[in-house]
Amino acid sequence: MKTGTMSYDVKDMDTAKAGKQRIEWAYRSMGVLKLVEKDFARRKPLKGLRIGACLHVTTETANLMRVLKAGGAEVALAASNPLSTQDDVAAALVKYFDVPTFAKKGEDTDTYYRHIMSVLETRPMVTMDDGADLVSTIHTKKRTLLKGIIGGTEETTTGVIRLRSMAKEKKLAYPIISVNDAYTKHLFDNRYGTGQSTIDGILRATNRLIAGSVFVVCGYGWCGRGVAMRAKGMGARVIITEVDPIRALEAVMDGYDVMPIADAAKIGDLFVTVTGDTTVISRNEFMSMKDGAIVANSGHFNVELDLGTLRNIAKGRSEVRDLVEEYRLPNGRSIYVLANGRLVNLSSAEGHPSSVMDMSFANQALSVMYLKENARRLDAVVYPVPDDIDRNIAVIKLKTLGIDIDSLTLRQKTYLASWESGT
């Protein structure tokens with residue numbers, strides 16, 4: 001579809017007004033991004049830059065798009081997950097913010113990749129990814145675009161894993177900044193954002209009581225820490241499964257039970273995967289689960305749950321609530337999978353609160369500016385967000401919260417920089 005000269009593909013343009021209202025509501029909690037937008041609007045540091053984005057189409061993402069445009073960039077957006085799109089937001093981006101948007105909640109795989117190709121038709125100079133599907137598509141199907149791309153950013157753990165693998169194999173053709181590795185991203189977005197929004201998604205989908213349940217969290221990275229923290233706070237008995245001995249030990253020290261998934265599968269009431277890996281829960285675990293067990297994923301891709309095997313072994317399946325599918329197993333038990341194994345926090349709820357995405361998307365915006373200014377001297381590898389950007393975002397966030405902190409005195413700075421002083 002086109003409006004004027006702009007192409008787009010969204011579900012229902014009549015919902016645009018409601019989407020605009022929700023975008024503006026989210027923006028009220030995004031103080032860092034507001035200050036970035038004010039600076040960008042004055043200096044236009046992204047002027048002449050074409051940005052192709054493959055991100056979750058949410059109210060928070062919409063505000064990132066408006067900030068990038070304020071900086072002078074041309075932007076086009078596709079969804080990074082078939083179930084995470086907020087259709088009213090997609091419509092509002094087209095109608096009110098002039099952002100070519102290609103996203104429909106529930107789109108099939110063919111439509112998903114067609115939307116990615118639509119974004120690539122804009123010949124982006126910078127890619128902005130959440131899961132690395134945009135980068136992967138360029139490197140496999142649209143290599144002619146590579147000569148015009150100066151760099152990219154990546155938002156999530158799963159995408160960083162893929163991109164580092166490409167870099168290790170010398171397949172990555174341009175530099176990527178791992179926004180996911182910024183302290184002001186993973187310490188807050190992954191932990192507090194994923195923790196709250198995952199529980200929110202489970203509650204909206206099931207309306208089940210968390211207190212008193214056995215809640216199994218597969219993976220104790222920053223996302224797993226957040227989910228475990230919130231489940232424990234709501235009264236659940238939390239079990240952690242891990243393959244990393246250091247993370248497993250940390251979970252023990254944090255007061256959680258730790259055991260193999262084979263053992264946890266027999267006693268869990270609720271299961272959430274947040275590992276970034278594949279087939280974390282598979283046939284043996286499904287068959288071991290108690291009748292009525294609920295299974296969800298909050299990692300980027302639904303491969304964490306072996307749904308193909310589950311479909312093959314099930315005697316039948318049906319949707320019993322919106323985004324709650326019952327699988328009837330040969331042993332007479334039923335288990336319930338939420339949101340088709342997609343990110344439950346975005347599929348069944350609204351994703352991370354805007355106040356935490358404020359920092360993540362400020363990292364995105366400032367990293368794009370950094371790429372424009374420094375791309376020529378960067379190699380085709382995955383870089384961290386520059387420390388000065390990361391720390392400055394923390395400073396601004398504290399300022400927007402009305403919080404002051406101490407500063408080092410000259411004497412303290414001298415002491416920390418010296419080696420002579422001892423006992």
# chains A, B, ... in the order shown; residues from 1 in each chain; ligands from 1
>>> residues_around(residues="His56 in chain A", least_positions_apart="6", cutoff="6 Å", atoms="only C-alpha atoms", output="ChimeraX atom specification")
/A:79-80,84
>>> write_last_selection(atoms="C-alpha atoms", output="short mmCIF file (atom, residue, chain, number, x, y, z; two decimals), in the first residue's frame")
data_model
loop_
_atom_site.label_atom_id
_atom_site.label_comp_id
_atom_site.auth_asym_id
_atom_site.auth_seq_id
_atom_site.Cartn_x
_atom_site.Cartn_y
_atom_site.Cartn_z
CA ALA A 79 8.61 -6.14 12.71
CA SER A 80 11.27 -8.37 14.26
CA SER A 84 5.01 -8.65 18.79
#
>>> select_by_dssp(residues="range 213-414 of chain A", states="helix (DSSP H, G or I)", output="PyMOL selection string")
chain A and resi 222-233+245-253+261-267+283-288+302-304+307-313+339-341+344-347+354-377+387-400+410-414
>>> residues_around(residues="range 29-34 of chain A", least_positions_apart="3", cutoff="8 Å", atoms="only C-alpha atoms", output="list in words")
Trp25, Ala26, Glu37, Lys38, Leu64, Val67, Ser354, Ser355, Met357, Asp358, Met359, Phe361, Ala362, Ile393, Ile396, Lys397 and Thr400 of chain A
>>> closest_residue(among="A:Lys170, A:Arg22, A:His186, A:Arg391", to="Ser360 in chain A", atoms="only C-alpha atoms")
A:His186
>>> select_by_dssp(residues="range 95-216 of chain A", states="strand (DSSP E)", output="list in words")
Thr101, Phe102, Val126, Thr127, Met128, Asp129, Gly151, Gly152, Thr153, Glu154, Ile176, Ile177, Ser178, Val214, Phe215 and Val216 of chain A
>>> write_last_selection(atoms="C-alpha atoms", output="compact mmCIF listing (two decimals), in the first residue's frame")
# COMPACT_ATOMS: atom_id res chain seq x y z
CA THR A 101 6.13 0.58 8.36
CA PHE A 102 5.70 -3.04 7.36
CA VAL A 126 22.62 1.71 8.72
CA THR A 127 20.76 -1.38 9.91
CA MET A 128 19.00 -1.55 13.27
CA ASP A 129 18.19 -5.11 14.30
CA GLY A 151 27.29 -0.16 10.04
CA GLY A 152 24.49 -1.42 12.22
CA THR A 153 23.19 -1.91 15.74
CA GLU A 154 21.81 -5.00 17.47
CA ILE A 176 27.85 -3.75 14.39
CA ILE A 177 27.41 -2.07 17.76
CA SER A 178 25.96 -4.43 20.35
CA VAL A 214 6.64 -24.01 41.21
CA PHE A 215 8.09 -21.61 38.65
CA VAL A 216 10.94 -22.94 36.47
>>> residues_around(residues="Lys44 in chain A", least_positions_apart="6", cutoff="12 Å", atoms="only C-alpha atoms", output="VMD selection string")
chain A and resid 36 to 38 67 to 74 369 372
>>> closest_residue(among="A:Asp269, A:Glu304, A:Asp322, A:Glu350", to="Ile335 in chain A", atoms="only C-alpha atoms")
A:Asp269
>>> residues_around(residues="Ile239 in chain A", least_positions_apart="4", cutoff="6 Å", atoms="only C-alpha atoms", output="PyMOL selection string")
chain A and resi 216+256-258
>>> write_last_selection(atoms="all heavy atoms", output="compact mmCIF listing (two decimals), in the first residue's frame")
# COMPACT_ATOMS: atom_id res chain seq x y z
N VAL A 216 9.63 -22.53 37.00
CA VAL A 216 10.94 -22.94 36.47
C VAL A 216 11.43 -21.92 35.45
O VAL A 216 10.74 -21.63 34.47
CB VAL A 216 10.85 -24.33 35.81
CG1 VAL A 216 12.21 -24.76 35.27
CG2 VAL A 216 10.32 -25.36 36.81
N TYR A 256 17.91 -19.62 45.07
CA TYR A 256 17.03 -20.44 44.25
C TYR A 256 17.44 -21.90 44.26
O TYR A 256 18.61 -22.24 44.47
CB TYR A 256 17.02 -19.93 42.80
CG TYR A 256 16.59 -18.49 42.66
CD1 TYR A 256 17.49 -17.50 42.29
CD2 TYR A 256 15.28 -18.13 42.92
CE1 TYR A 256 17.09 -16.18 42.17
CE2 TYR A 256 14.87 -16.80 42.80
CZ TYR A 256 15.78 -15.83 42.43
OH TYR A 256 15.39 -14.53 42.32
N ASP A 257 16.49 -22.78 44.01
CA ASP A 257 16.81 -24.18 43.76
C ASP A 257 17.40 -24.28 42.36
O ASP A 257 16.92 -23.62 41.42
CB ASP A 257 15.56 -25.05 43.84
CG ASP A 257 14.98 -25.13 45.25
OD1 ASP A 257 15.76 -24.93 46.20
OD2 ASP A 257 13.78 -25.38 45.39
N VAL A 258 18.41 -25.10 42.19
CA VAL A 258 19.03 -25.30 40.88
C VAL A 258 19.09 -26.79 40.60
O VAL A 258 19.53 -27.57 41.45
CB VAL A 258 20.45 -24.70 40.83
CG1 VAL A 258 21.12 -24.99 39.49
CG2 VAL A 258 20.41 -23.20 41.08
>>> closest_residue(among="A:Arg123, A:Arg164, A:Lys11, A:Arg43", to="Thr144 in chain A", atoms="only C-alpha atoms")
A:Arg123
>>> closest_atom_pairs(of="range 317-387 of chain A", to="range 190-203 of chain A", cutoff="8 Å", atoms="only C-alpha atoms", output="tab-separated table")
residue	atom	partner	partner_atom	distance
A:Leu338	CA	A:Ile202	CA	7.7
A:Val344	CA	A:Gly201	CA	5.4
A:Asn345	CA	A:Thr198	CA	4.4
A:Leu346	CA	A:Gly201	CA	7.2
A:Ser347	CA	A:Gly201	CA	7.4
A:Ser348	CA	A:Gly201	CA	4.7
A:Ala349	CA	A:Gly201	CA	4.6
A:Glu350	CA	A:Ser197	CA	7.4
A:Gly351	CA	A:Ser197	CA	5.4
A:His352	CA	A:Gly193	CA	4.7
A:Pro353	CA	A:Gly193	CA	6.3
A:Val356	CA	A:Gly193	CA	6.3
A:Met357	CA	A:Gly193	CA	7.8
>>> closest_residue(among="A:Arg328, A:Arg247, A:Arg204, A:Arg376", to="Gly221 in chain A", atoms="only C-alpha atoms")
A:Arg247
>>> closest_residue(among="A:Arg377, A:Arg333, A:Arg317, A:Arg50", to="Met287 in chain A", atoms="only C-alpha atoms")
A:Arg333
>>> atom_distance(atom1="CA of Val10 in chain A", atom2="CA of Val57 in chain A")
10.9 Å
>>> residues_around(residues="Gly316 in chain A", least_positions_apart="4", cutoff="9 Å", atoms="only C-alpha atoms", output="list of chain:residue names")
A:Arg311, A:Glu326, A:Tyr327, A:Arg328, A:Leu329
>>> residues_around(residues="Arg162 in chain A", least_positions_apart="5", cutoff="10 Å", atoms="only C-alpha atoms", output="PyMOL selection string")
chain A and resi 131-133+135-136+157+167-168
